[in-house]
Every structure is written in structure tokens, then in C-alpha cells.
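Below is target.pdb, holding PDB, C-alpha atoms.
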```pdb
ATOM      1  CA  MET A  13     -65.636  10.077 -14.856
ATOM      2  CA  GLN A  14     -67.154   7.068 -13.144
ATOM      3  CA  THR A  15     -65.498   5.587 -10.031
ATOM      4  CA  ILE A  16     -66.010   1.821  -9.750
ATOM      5  CA  SER A  17     -65.434   0.025  -6.454
ATOM      6  CA  ALA A  18     -64.263  -3.515  -5.771
ATOM      7  CA  GLN A  19     -67.808  -4.443  -4.760
ATOM      8  CA  GLN A  20     -69.214  -3.207  -8.070
ATOM      9  CA  ILE A  21     -66.560  -5.175  -9.969
ATOM     10  CA  GLN A  22     -67.398  -8.348  -8.046
ATOM     11  CA  SER A  23     -71.101  -7.882  -8.756
ATOM     12  CA  VAL A  24     -70.714  -8.222 -12.547
ATOM     13  CA  LEU A  25     -67.821 -10.645 -13.015
ATOM     14  CA  ASP A  26     -67.809 -14.418 -13.360
ATOM     15  CA  TRP A  27     -65.257 -16.745 -14.938
ATOM     16  CA  CYS A  28     -67.297 -17.561 -18.039
ATOM     17  CA  GLY A  29     -67.774 -13.908 -18.932
ATOM     18  CA  ILE A  30     -64.274 -12.724 -18.192
ATOM     19  CA  LEU A  31     -62.575 -15.632 -20.008
ATOM     20  CA  GLU A  32     -64.616 -14.964 -23.122
ATOM     21  CA  ALA A  33     -63.863 -11.233 -22.920
ATOM     22  CA  LEU A  34     -60.136 -11.983 -22.707
ATOM     23  CA  ARG A  35     -60.311 -14.456 -25.582
ATOM     24  CA  GLN A  36     -62.024 -11.901 -27.795
ATOM     25  CA  GLY A  37     -59.588  -9.201 -26.686
ATOM     26  CA  HIS A  38     -56.668 -11.351 -27.852
ATOM     27  CA  SER A  39     -58.153 -11.938 -31.287
ATOM     28  CA  GLY A  40     -57.601  -8.357 -32.449
ATOM     29  CA  PRO A  41     -54.543  -6.099 -32.840
ATOM     30  CA  ARG A  42     -51.703  -6.393 -30.370
ATOM     31  CA  PRO A  43     -51.369  -3.645 -27.752
ATOM     32  CA  ILE A  44     -48.979  -0.724 -27.770
ATOM     33  CA  GLY A  45     -47.676  -0.101 -24.288
ATOM     34  CA  ASP A  46     -44.922   0.878 -21.925
ATOM     35  CA  GLY A  47     -44.365   1.202 -18.213
ATOM     36  CA  TYR A  48     -41.938   1.805 -15.400
ATOM     37  CA  PHE A  49     -41.019   0.478 -11.980
ATOM     38  CA  ILE A  50     -39.308   2.775  -9.493
ATOM     39  CA  GLY A  51     -38.027   1.398  -6.199
ATOM     40  CA  ASP A  52     -37.042  -1.964  -4.786
ATOM     41  CA  ALA A  53     -38.435  -4.923  -2.832
ATOM     42  CA  SER A  54     -39.406  -2.710   0.135
ATOM     43  CA  PHE A  55     -41.367  -0.115  -1.854
ATOM     44  CA  GLY A  56     -42.138   0.204  -5.504
ATOM     45  CA  LEU A  57     -44.087   2.652  -7.639
ATOM     46  CA  PHE A  58     -45.355   0.857 -10.687
ATOM     47  CA  SER A  59     -47.200   2.071 -13.776
ATOM     48  CA  ARG A  60     -48.188   0.701 -17.166
ATOM     49  CA  GLY A  61     -49.997   2.404 -20.008
ATOM     50  CA  VAL A  62     -51.579   0.727 -23.022
ATOM     51  CA  ILE A  63     -53.381   1.466 -26.269
ATOM     52  CA  LEU A  64     -55.460  -1.269 -27.877
ATOM     53  CA  PRO A  65     -55.928  -0.049 -31.452
ATOM     54  CA  GLY A  66     -59.625   0.352 -32.149
ATOM     55  CA  LYS A  67     -60.584  -0.517 -28.580
ATOM     56  CA  GLY A  68     -59.396   2.283 -26.306
ATOM     57  CA  ALA A  69     -56.604   2.946 -23.854
ATOM     58  CA  GLY A  70     -55.800   2.729 -20.176
ATOM     59  CA  VAL A  71     -53.250   3.427 -17.462
ATOM     60  CA  LYS A  72     -52.478   1.508 -14.274
ATOM     61  CA  ILE A  73     -50.765   3.097 -11.278
ATOM     62  CA  ALA A  74     -49.797   1.060  -8.220
ATOM     63  CA  SER A  75     -47.973   1.488  -4.925
ATOM     64  CA  ILE A  76     -46.434  -1.753  -3.609
ATOM     65  CA  HIS A  77     -45.316  -1.822   0.049
ATOM     66  CA  PRO A  78     -45.036  -5.361   1.514
ATOM     67  CA  ALA A  79     -44.434  -4.077   5.062
ATOM     68  CA  ASN A  80     -48.086  -2.997   5.204
ATOM     69  CA  GLY A  81     -48.989  -6.671   5.622
ATOM     70  CA  ALA A  82     -47.266  -6.713   9.022
ATOM     71  CA  ALA A  83     -49.105  -3.650  10.338
ATOM     72  CA  ASP A  84     -51.665  -4.008  13.163
ATOM     73  CA  PRO A  85     -54.260  -4.168  11.775
ATOM     74  CA  PRO A  86     -52.810  -5.246   8.376
ATOM     75  CA  LEU A  87     -52.951  -2.740   5.544
ATOM     76  CA  PRO A  88     -53.075  -3.520   1.806
ATOM     77  CA  THR A  89     -49.628  -4.290   0.399
ATOM     78  CA  GLU A  90     -50.766  -3.056  -3.015
ATOM     79  CA  GLN A  91     -52.877   0.031  -3.584
ATOM     80  CA  ALA A  92     -53.749   0.750  -7.180
ATOM     81  CA  ALA A  93     -56.193   2.184  -9.672
ATOM     82  CA  PHE A  94     -56.838   1.612 -13.347
ATOM     83  CA  LEU A  95     -58.022   4.435 -15.626
ATOM     84  CA  VAL A  96     -60.025   3.694 -18.797
ATOM     85  CA  LEU A  97     -59.910   6.115 -21.737
ATOM     86  CA  ASP A  98     -62.597   6.280 -24.392
ATOM     87  CA  GLU A  99     -61.564   5.167 -27.877
ATOM     88  CA  ARG A 100     -63.384   8.014 -29.672
ATOM     89  CA  THR A 101     -62.850  11.053 -27.418
ATOM     90  CA  LYS A 102     -59.660   9.864 -25.623
ATOM     91  CA  GLY A 103     -61.267  11.189 -22.448
ATOM     92  CA  LEU A 104     -61.300   9.494 -19.042
ATOM     93  CA  VAL A 105     -64.287   7.163 -18.744
ATOM     94  CA  ALA A 106     -63.760   5.361 -15.453
ATOM     95  CA  MET A 107     -61.382   4.727 -12.559
ATOM     96  CA  LEU A 108     -61.563   1.177 -11.205
ATOM     97  CA  ASP A 109     -60.266  -0.454  -8.021
ATOM     98  CA  GLY A 110     -56.844  -1.729  -9.103
ATOM     99  CA  PRO A 111     -56.311  -4.737  -6.807
ATOM    100  CA  GLU A 112     -59.737  -6.176  -7.639
ATOM    101  CA  ILE A 113     -59.130  -5.871 -11.382
ATOM    102  CA  THR A 114     -55.663  -7.409 -10.877
ATOM    103  CA  ARG A 115     -57.117 -10.354  -8.974
ATOM    104  CA  TRP A 116     -59.557 -11.207 -11.751
ATOM    105  CA  LYS A 117     -57.395 -10.459 -14.780
ATOM    106  CA  THR A 118     -54.345 -12.302 -13.444
ATOM    107  CA  ALA A 119     -56.239 -15.496 -12.724
ATOM    108  CA  ALA A 120     -58.199 -15.296 -15.981
ATOM    109  CA  ASP A 121     -54.946 -14.794 -17.923
ATOM    110  CA  SER A 122     -53.546 -18.058 -16.525
ATOM    111  CA  ALA A 123     -56.808 -19.985 -16.794
ATOM    112  CA  LEU A 124     -57.386 -19.005 -20.421
ATOM    113  CA  ALA A 125     -53.923 -20.275 -21.381
ATOM    114  CA  ALA A 126     -54.318 -23.398 -19.255
ATOM    115  CA  ARG A 127     -57.341 -24.453 -21.289
ATOM    116  CA  TRP A 128     -54.775 -25.358 -23.948
ATOM    117  CA  LEU A 129     -51.679 -26.024 -21.870
ATOM    118  CA  SER A 130     -52.897 -28.224 -18.997
ATOM    119  CA  ARG A 131     -54.215 -31.769 -19.277
ATOM    120  CA  GLU A 132     -57.988 -31.786 -19.627
ATOM    121  CA  HIS A 133     -58.477 -34.383 -16.884
ATOM    122  CA  SER A 134     -56.012 -32.958 -14.369
ATOM    123  CA  GLU A 135     -56.871 -34.049 -10.832
ATOM    124  CA  VAL A 136     -54.231 -32.584  -8.482
ATOM    125  CA  LEU A 137     -53.687 -28.817  -8.206
ATOM    126  CA  LEU A 138     -50.784 -27.356  -6.206
ATOM    127  CA  VAL A 139     -50.955 -23.648  -5.360
ATOM    128  CA  LEU A 140     -48.024 -21.704  -3.881
ATOM    129  CA  GLY A 141     -48.964 -18.476  -2.126
ATOM    130  CA  ALA A 142     -51.611 -17.233   0.279
ATOM    131  CA  GLY A 143     -52.656 -13.852  -1.101
ATOM    132  CA  PRO A 144     -55.809 -12.776  -2.945
ATOM    133  CA  VAL A 145     -54.296 -13.600  -6.355
ATOM    134  CA  ALA A 146     -53.412 -17.148  -5.234
ATOM    135  CA  ARG A 147     -56.984 -17.673  -4.026
ATOM    136  CA  SER A 148     -58.376 -16.291  -7.279
ATOM    137  CA  LEU A 149     -56.080 -18.552  -9.314
ATOM    138  CA  THR A 150     -57.322 -21.565  -7.360
ATOM    139  CA  ASP A 151     -60.917 -20.652  -8.134
ATOM    140  CA  ALA A 152     -60.183 -20.066 -11.827
ATOM    141  CA  TYR A 153     -58.429 -23.423 -12.230
ATOM    142  CA  LEU A 154     -61.289 -25.218 -10.515
ATOM    143  CA  HIS A 155     -63.604 -23.562 -13.046
ATOM    144  CA  ILE A 156     -61.711 -24.675 -16.156
ATOM    145  CA  ARG A 157     -60.720 -28.092 -14.774
ATOM    146  CA  PRO A 158     -63.725 -29.489 -12.879
ATOM    147  CA  SER A 159     -61.866 -32.834 -12.823
ATOM    148  CA  ILE A 160     -59.660 -31.461 -10.003
ATOM    149  CA  ARG A 161     -60.404 -33.284  -6.763
ATOM    150  CA  ASP A 162     -57.262 -32.654  -4.696
ATOM    151  CA  VAL A 163     -55.923 -29.188  -3.881
ATOM    152  CA  LEU A 164     -52.510 -28.837  -2.236
ATOM    153  CA  LEU A 165     -51.704 -25.495  -0.621
ATOM    154  CA  TRP A 166     -48.223 -24.261   0.294
ATOM    155  CA  ASN A 167     -46.985 -21.066   1.875
ATOM    156  CA  ARG A 168     -43.974 -20.086   3.940
ATOM    157  CA  THR A 169     -46.425 -19.271   6.748
ATOM    158  CA  PRO A 170     -48.889 -22.206   6.687
ATOM    159  CA  SER A 171     -51.299 -20.552   9.144
ATOM    160  CA  LYS A 172     -52.189 -17.994   6.452
ATOM    161  CA  LEU A 173     -53.792 -20.821   4.428
ATOM    162  CA  GLU A 174     -56.406 -21.890   6.973
ATOM    163  CA  ALA A 175     -59.215 -19.714   5.611
ATOM    164  CA  ALA A 176     -58.541 -20.917   2.057
ATOM    165  CA  ARG A 177     -58.499 -24.538   3.217
ATOM    166  CA  LEU A 178     -61.867 -24.227   4.963
ATOM    167  CA  ALA A 179     -63.452 -22.486   1.955
ATOM    168  CA  LEU A 180     -62.250 -25.206  -0.420
ATOM    169  CA  GLU A 181     -63.340 -28.036   1.869
ATOM    170  CA  ALA A 182     -66.813 -26.492   1.887
ATOM    171  CA  ARG A 183     -66.820 -27.185  -1.878
ATOM    172  CA  HIS A 184     -66.293 -30.904  -1.154
ATOM    173  CA  LEU A 185     -62.672 -30.941  -2.303
ATOM    174  CA  ARG A 186     -59.828 -32.815  -0.661
ATOM    175  CA  VAL A 187     -57.486 -30.108   0.611
ATOM    176  CA  ARG A 188     -54.082 -30.366   2.301
ATOM    177  CA  ILE A 189     -51.715 -27.708   3.551
ATOM    178  CA  VAL A 190     -48.341 -29.194   2.641
ATOM    179  CA  GLU A 191     -44.895 -28.609   4.130
ATOM    180  CA  ASP A 192     -42.843 -30.907   1.886
ATOM    181  CA  LEU A 193     -42.924 -28.829  -1.287
ATOM    182  CA  ASP A 194     -40.772 -31.190  -3.348
ATOM    183  CA  ALA A 195     -43.155 -34.073  -2.648
ATOM    184  CA  ALA A 196     -46.150 -31.903  -3.530
ATOM    185  CA  VAL A 197     -44.521 -30.838  -6.811
ATOM    186  CA  ALA A 198     -43.925 -34.493  -7.705
ATOM    187  CA  SER A 199     -47.598 -35.365  -7.197
ATOM    188  CA  ALA A 200     -49.242 -32.406  -8.964
ATOM    189  CA  ASP A 201     -50.824 -32.249 -12.422
ATOM    190  CA  ILE A 202     -50.943 -28.436 -12.301
ATOM    191  CA  ILE A 203     -48.546 -26.240 -10.303
ATOM    192  CA  VAL A 204     -49.421 -22.568  -9.813
ATOM    193  CA  ALA A 205     -47.033 -20.138  -8.099
ATOM    194  CA  ALA A 206     -48.166 -16.698  -6.960
ATOM    195  CA  THR A 207     -45.407 -15.594  -4.609
ATOM    196  CA  SER A 208     -42.805 -12.858  -4.290
ATOM    197  CA  ALA A 209     -39.904 -15.320  -4.312
ATOM    198  CA  THR A 210     -36.423 -14.297  -5.375
ATOM    199  CA  THR A 211     -35.052 -17.805  -4.743
ATOM    200  CA  PRO A 212     -36.615 -20.625  -6.812
ATOM    201  CA  MET A 213     -38.975 -22.895  -4.895
ATOM    202  CA  ILE A 214     -40.159 -25.220  -7.679
ATOM    203  CA  ARG A 215     -37.389 -27.642  -8.622
ATOM    204  CA  GLY A 216     -37.601 -29.045 -12.114
ATOM    205  CA  LYS A 217     -36.186 -32.443 -11.242
ATOM    206  CA  GLY A 218     -39.403 -33.251  -9.396
ATOM    207  CA  VAL A 219     -41.865 -32.076 -12.059
ATOM    208  CA  ARG A 220     -43.526 -35.075 -13.723
ATOM    209  CA  PRO A 221     -44.089 -35.474 -17.477
ATOM    210  CA  GLY A 222     -47.474 -34.014 -18.417
ATOM    211  CA  THR A 223     -47.461 -31.381 -15.678
ATOM    212  CA  HIS A 224     -48.395 -27.768 -16.337
ATOM    213  CA  VAL A 225     -46.381 -25.128 -14.426
ATOM    214  CA  ASP A 226     -47.854 -21.627 -14.166
ATOM    215  CA  LEU A 227     -45.495 -18.894 -12.885
ATOM    216  CA  VAL A 228     -47.397 -15.796 -11.827
ATOM    217  CA  GLY A 229     -45.797 -13.931  -8.943
ATOM    218  CA  GLY A 230     -42.506 -12.590 -10.283
ATOM    219  CA  TYR A 231     -42.603  -9.185 -11.952
ATOM    220  CA  ARG A 232     -39.022  -7.958 -11.374
ATOM    221  CA  PRO A 233     -35.797  -9.237 -13.017
ATOM    222  CA  ASP A 234     -34.572 -10.595  -9.645
ATOM    223  CA  MET A 235     -37.728 -12.626  -8.934
ATOM    224  CA  GLN A 236     -37.724 -16.347  -9.758
ATOM    225  CA  GLU A 237     -40.268 -18.952  -8.654
ATOM    226  CA  ALA A 238     -38.910 -21.967 -10.594
ATOM    227  CA  ASP A 239     -35.351 -23.118 -11.138
ATOM    228  CA  CYS A 240     -33.782 -23.514 -14.569
ATOM    229  CA  ASP A 241     -34.451 -27.270 -14.584
ATOM    230  CA  VAL A 242     -38.183 -26.572 -14.826
ATOM    231  CA  PHE A 243     -37.537 -25.189 -18.323
ATOM    232  CA  ARG A 244     -35.276 -27.969 -19.592
ATOM    233  CA  GLY A 245     -37.190 -30.043 -22.129
ATOM    234  CA  ALA A 246     -40.448 -28.177 -21.468
ATOM    235  CA  ARG A 247     -42.736 -26.424 -23.931
ATOM    236  CA  ILE A 248     -42.562 -22.749 -22.967
ATOM    237  CA  PHE A 249     -45.333 -20.168 -23.343
ATOM    238  CA  VAL A 250     -45.903 -16.601 -22.111
ATOM    239  CA  ASP A 251     -48.848 -14.242 -21.993
ATOM    240  CA  ASP A 252     -47.012 -11.310 -23.588
ATOM    241  CA  ARG A 253     -43.492 -11.578 -25.018
ATOM    242  CA  GLN A 254     -42.430  -8.029 -24.153
ATOM    243  CA  ASN A 255     -43.560  -8.118 -20.527
ATOM    244  CA  ALA A 256     -42.379 -11.695 -19.942
ATOM    245  CA  ALA A 257     -38.893 -10.806 -21.183
ATOM    246  CA  GLU A 258     -38.559  -8.389 -18.247
ATOM    247  CA  SER A 259     -39.248 -11.052 -15.599
ATOM    248  CA  GLY A 260     -36.620 -13.048 -13.778
ATOM    249  CA  ASP A 261     -38.479 -16.281 -14.525
ATOM    250  CA  ILE A 262     -37.541 -15.802 -18.191
ATOM    251  CA  GLN A 263     -34.414 -13.628 -17.953
ATOM    252  CA  ILE A 264     -32.481 -15.864 -15.553
ATOM    253  CA  PRO A 265     -32.799 -19.121 -17.571
ATOM    254  CA  MET A 266     -31.872 -17.131 -20.700
ATOM    255  CA  ARG A 267     -28.740 -15.696 -19.080
ATOM    256  CA  ALA A 268     -27.826 -19.211 -17.937
ATOM    257  CA  GLY A 269     -28.119 -20.461 -21.527
ATOM    258  CA  VAL A 270     -30.862 -22.920 -20.617
ATOM    259  CA  ILE A 271     -33.387 -21.333 -22.977
ATOM    260  CA  ALA A 272     -33.296 -18.884 -25.860
ATOM    261  CA  GLU A 273     -35.896 -16.432 -27.111
ATOM    262  CA  GLY A 274     -36.803 -18.848 -29.905
ATOM    263  CA  ASP A 275     -37.741 -21.511 -27.339
ATOM    264  CA  ILE A 276     -40.859 -19.526 -26.410
ATOM    265  CA  GLU A 277     -43.386 -21.364 -28.533
ATOM    266  CA  ALA A 278     -46.271 -18.901 -28.390
ATOM    267  CA  ASP A 279     -47.859 -16.150 -26.354
ATOM    268  CA  LEU A 280     -51.508 -15.752 -25.421
ATOM    269  CA  PHE A 281     -52.276 -13.826 -28.615
ATOM    270  CA  ASP A 282     -50.880 -16.722 -30.658
ATOM    271  CA  LEU A 283     -52.810 -19.312 -28.649
ATOM    272  CA  CYS A 284     -56.118 -17.476 -29.049
ATOM    273  CA  ARG A 285     -55.635 -17.328 -32.830
ATOM    274  CA  MET A 286     -54.652 -20.964 -33.358
ATOM    275  CA  ARG A 287     -57.191 -23.097 -35.179
ATOM    276  CA  ALA A 288     -55.890 -26.157 -33.361
ATOM    277  CA  PHE A 289     -53.437 -26.845 -30.560
ATOM    278  CA  HIS A 290     -51.952 -30.268 -29.903
ATOM    279  CA  ARG A 291     -50.713 -31.309 -26.494
ATOM    280  CA  SER A 292     -49.276 -34.782 -25.980
ATOM    281  CA  PRO A 293     -50.053 -36.435 -22.608
ATOM    282  CA  GLY A 294     -46.380 -36.368 -21.613
ATOM    283  CA  ASP A 295     -45.703 -32.726 -22.516
ATOM    284  CA  ARG A 296     -44.441 -30.585 -19.658
ATOM    285  CA  THR A 297     -45.649 -27.046 -20.202
ATOM    286  CA  VAL A 298     -44.466 -23.824 -18.564
ATOM    287  CA  TYR A 299     -46.448 -20.582 -18.744
ATOM    288  CA  LYS A 300     -45.102 -17.240 -17.595
ATOM    289  CA  ASN A 301     -47.953 -14.950 -16.605
ATOM    290  CA  ALA A 302     -46.222 -11.556 -16.610
ATOM    291  CA  GLY A 303     -49.413  -9.523 -16.782
ATOM    292  CA  GLY A 304     -49.871  -6.384 -18.816
ATOM    293  CA  ALA A 305     -52.022  -3.283 -18.896
ATOM    294  CA  HIS A 306     -53.904  -4.628 -21.929
ATOM    295  CA  LEU A 307     -55.348  -7.330 -19.647
ATOM    296  CA  ASP A 308     -56.474  -4.712 -17.112
ATOM    297  CA  LEU A 309     -57.985  -2.696 -19.958
ATOM    298  CA  ILE A 310     -59.942  -5.608 -21.448
ATOM    299  CA  VAL A 311     -61.351  -6.597 -18.058
ATOM    300  CA  SER A 312     -62.070  -2.999 -17.031
ATOM    301  CA  GLN A 313     -63.911  -2.305 -20.287
ATOM    302  CA  TYR A 314     -65.953  -5.470 -19.736
ATOM    303  CA  VAL A 315     -66.866  -4.287 -16.225
ATOM    304  CA  VAL A 316     -67.918  -0.855 -17.522
ATOM    305  CA  GLU A 317     -70.074  -2.487 -20.216
ATOM    306  CA  GLN A 318     -71.730  -4.848 -17.749
ATOM    307  CA  LEU A 319     -72.534  -2.076 -15.288
ATOM    308  CA  LYS A 320     -73.955   0.057 -18.098
ATOM    309  CA  ALA A 321     -76.142  -2.848 -19.216
ATOM    310  CA  ARG A 322     -77.602  -3.058 -15.732
TER     311      ARG A 322
END
```
Re-express the file's structure as C-alpha cells.
Amino acid sequence: MQTISAQQIQSVLDWCGILEALRQGHSGPRPIGDGYFIGDASFGLFSRGVILPGKGAGVKIASIHPANGAADPPLPTEQAAFLVLDERTKGLVAMLDGPEITRWKTAADSALAARWLSREHSEVLLVLGAGPVARSLTDAYLHIRPSIRDVLLWNRTPSKLEAARLALEARHLRVRIVEDLDAAVASADIIVAATSATTPMIRGKGVRPGTHVDLVGGYRPDMQEADCDVFRGARIFVDDRQNAAESGDIQIPMRAGVIAEGDIEADLFDLCRMRAFHRSPGDRTVYKNAGGAHLDLIVSQYVVEQLKAR
């Protein structure tokens, strides 16, 4: 079995390649999968397994311990690995660095959907969060929407955004670390949230017509990045119906009677199979990126193929 490091993954991935791999991966059969989460907000043991009929199988295992971020020196808050199984022999092919695969697949998941769901000439991007996934999401959105000229960054601890601000300014972008989140929401064309919030931060009353809202961070039923008003009158999409249904971002508005299961217009499989997708300039769109082991598997298989080709 091959062990593949974060550095090896970085050496073969770019947004063009990974977005096309994900698009192709969503054009075939839907995955068969299941998972579990044991623990709470202080420590969680998380696993998902998946079979992609005709393509192979994989298993993700992760340990999530937020307190590691406060250690001196800081330790990773998530430690994970993804195992790839061969389609023919069902044997273990490779074990890949989990956080690096997560960083790429999460951002590519959102960016692939946003090619349809966000306005083509979006200019103002607001990103909530300061972790590696938030930085990767920023990069992915800048790739699919080169019209973006202003990037607004928000985090509960603004000092954590300084490195991201400097890196973006080096790309000749206008970058601001914002404190007034409501004002930033009201000025954004695309809003991306990659936080661990359990209390909504994005308030729907401030979201303008035409804005795309991408909710990424919440993976437990008690996690919610946007209030119920964000969903009122919006076109709602998810990456995977089964996984999204387990997230607070979808569960909480459903329990409140704001949305119903039938209000979810399409998932990423549906979007990738549509011959045409129409978005009116005033449409507010909401996308719940709940993740899924099939995304890890598609990206991991692509990495293995690229390394083999080298």
C-alpha cells in the first residue's frame, strides 16, 4: 500500500484538474455510503465509508480536537487519513493525508457548484473563517470567478487573518479584514462560511438579491452558520442530499418550518447532469456543502493516477 503525503498531493493538484475530476465523478452512479460521529464539540471521532459502483471504494477516519489549536506550539485540530480500495481486487491501494485531501475536495465541491449558482461577473467575495479550508475556498473562488476584485475577510479573531490578507494583496486584490459582518454581508456577491459556528452569523435580512451563499463549516446537527431568513425565498442546493440532511444548516430551518425537503432544488449530481441551468440575475442561491467520502475518493483516485503518470 502506498502512503501519500500532503506534499505529494500538493505537487499534482490544481483547480482545473480537480474540478474536472469532480465533474466527471458526478456524472456516473451515485455513491453508496455510511458513517458515524462519536463525541461532541470538544473531541470527535469521525468516519465515512463509500463505494462508487464501478470506480472503487474508500474510507475516511478523522480525529477532531479543537483544543489542539490553543497548544504551544499549536497542534493540528484535525488529524485524518483516507484509504483507497481497488475496484477489481478490493485491496488497499493507498493511504493519503486526510486534511490535505479535505482542503482540496471541500473547496472544489463548492467551486464546482458555484460555476452554476453564483453570478458570472461577481466582484465582491466575503469569506468567514481563518483555517486552511477557508483559505482554500478563497483560492478556488478566485479561480472560477476571475472577475472578483474585492475580498472581505472575517473571523472572530481578526489577527488570524493577517497572513491571508498579505497573500491576497500580493495577487493585486483589494482585501479588507472586516469587523461589521452585517455590513459585509450586505455588500457581497458571494458569501462563503467555513466556521464551526453553532449560532448563526449570516443574517438573511442583509443578503442582497443575486447573492450566492455557500455554507461549508457545519457538519453536526447543532451547527448553523446562517439563520433561517437566509433560506426564505432562496433557491436551495446541496452537494449530497443524504449528508446535507444531517447538518444543522438544513435540519434547523426544516424543523422551524421555513423549508421542506422538496425545496432543495438539486444536488451536485443533478447539477453536473443538467444540459442547461438558468439563473436569473436576482436569484439568491444557497448551497450546503456537507462533504462526503465520495468526494475524498474521487480526489484521492485522481491524485493516485497523477502520481502514477509521473
I need the residue set behind the PyMOL selection byres ((chain A and resi 244) around 8) for this file; please write it as a PyMOL selection string. chain A and resi 216+240-243+245-246+270-271
Report, in Å with one decimal, the straight-line distance from CA of Thr210 in chain A to CA of Arg188 in chain A.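 We find that CA of Thr210 in chain A and CA of Arg188 in chain A lie 25.1 Å from each other.
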Closest atom pairs, range 83-169 of chain A residues within 9 Å of range 220-235 of chain A, all atoms listed in the file, as CSV:
```
residue,atom,partner,partner_atom,distance
A:Thr118,CA,A:Val228,CA,7.9
A:Ala119,CA,A:Val228,CA,8.9
A:Ser122,CA,A:Asp226,CA,7.1
A:Ala126,CA,A:His224,CA,7.9
A:Leu129,CA,A:His224,CA,6.7
A:Ser130,CA,A:His224,CA,5.2
A:Arg131,CA,A:Gly222,CA,7.2
A:Ser134,CA,A:Thr223,CA,8.8
A:Gly141,CA,A:Gly229,CA,8.8
A:Val145,CA,A:Gly229,CA,8.9
```
Need to verify the contact set: Ile44 in chain A, 12 Å, all atoms listed in the file, exclusion of same-chain residues closer than 3 positions in sequence. Can you return it as a list in words? Pro41, Gly47, Arg60, Gly61, Val62, Ile63, Leu64, Pro65, Gly66, Lys67, Gly68, Ala69, Gly70, Val71, Asp252, Gln254, Asn255, Gly304, Ala305 and His306 of chain A
Would you compute the distance between CA of Leu309 in chain A and CA of Gly274 in chain A? Give it in Å to one decimal. 28.4 Å
Ranking A:Ala92, A:Leu280, A:Ile160, A:Met13 by minimum distance to Ala106 in chain A and counting all atoms listed in the file, which one comes first? A:Met13
Which of A:Ile276, A:Ile73, A:Ala302, A:Val204 sits closest to Ser59 in chain A [using only C-alpha atoms]: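 Of A:Ile276, A:Ile73, A:Ala302, A:Val204, the one nearest Ser59 in chain A, counting only C-alpha atoms, is A:Ile73.
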Give me the residues near Pro170 in chain A as JSON, numbers by chain, where near means some atom within 12 Å (using all atoms listed in the file) and where sequence neighbours in that chain fewer than 6 positions away do not count. {"A": [140, 141, 142, 164, 176, 177, 188, 189, 190, 191, 192, 193]}
Could you state the separation of CA of Gly40 in chain A and CA of Cys284 in chain A in Å, given to one decimal place?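 According to the coordinates, CA of Gly40 in chain A and CA of Cys284 in chain A are separated by 9.8 Å.
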Contacts of Val105 in chain A at 6 Å (all atoms listed in the file; same-chain gap of 3+ positions) as a list in words: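 Returned residues: Met13, Val96, Leu97 and Asp98 of chain A.
Excluding Arg285 in chain A itself and any same-chain residue fewer than 2 positions from it, the protein and nucleic acid residues within 10 Å of it, counting only C-alpha atoms, are Arg35, Gln36, His38, Ser39, Gly40, Leu280, Phe281, Asp282, Leu283, Arg287 and Ala288 of chain A.
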Test item: the PyMOL selection byres ((chain A and resi 138) around 9) resolved as a ChimeraX atom specification: /A:136-137,139-140,150,162-166,196-197,199-205
Counting all atoms listed in the file, the residue of A:Val24, A:Ala120, A:Leu34, A:Leu104 that sits nearest Ser148 in chain A: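 Going through A:Val24, A:Ala120, A:Leu34, A:Leu104 one by one, the smallest distance to Ser148 in chain A is for A:Ala120.
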Surrounding residues of Ile76 in chain A excluding itself and chain neighbours under 4 positions, 12 Å, only C-alpha atoms, as a count of residues only: 23
The residue from A:Leu173, A:Ile21, A:Leu31, A:Leu108 with the smallest atom-to-atom distance to Gly143 in chain A, counting all atoms listed in the file, is A:Leu173
Nearest to Glu237 in chain A: which of A:Val250, A:Ile264, A:Ala209, A:Met286 is it, counting only C-alpha atoms?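 Closest candidate: A:Ala209.
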Which residues match the PyMOL selection byres ((chain A and resi 113) around 9) in the file above, as a count of residues only? 17
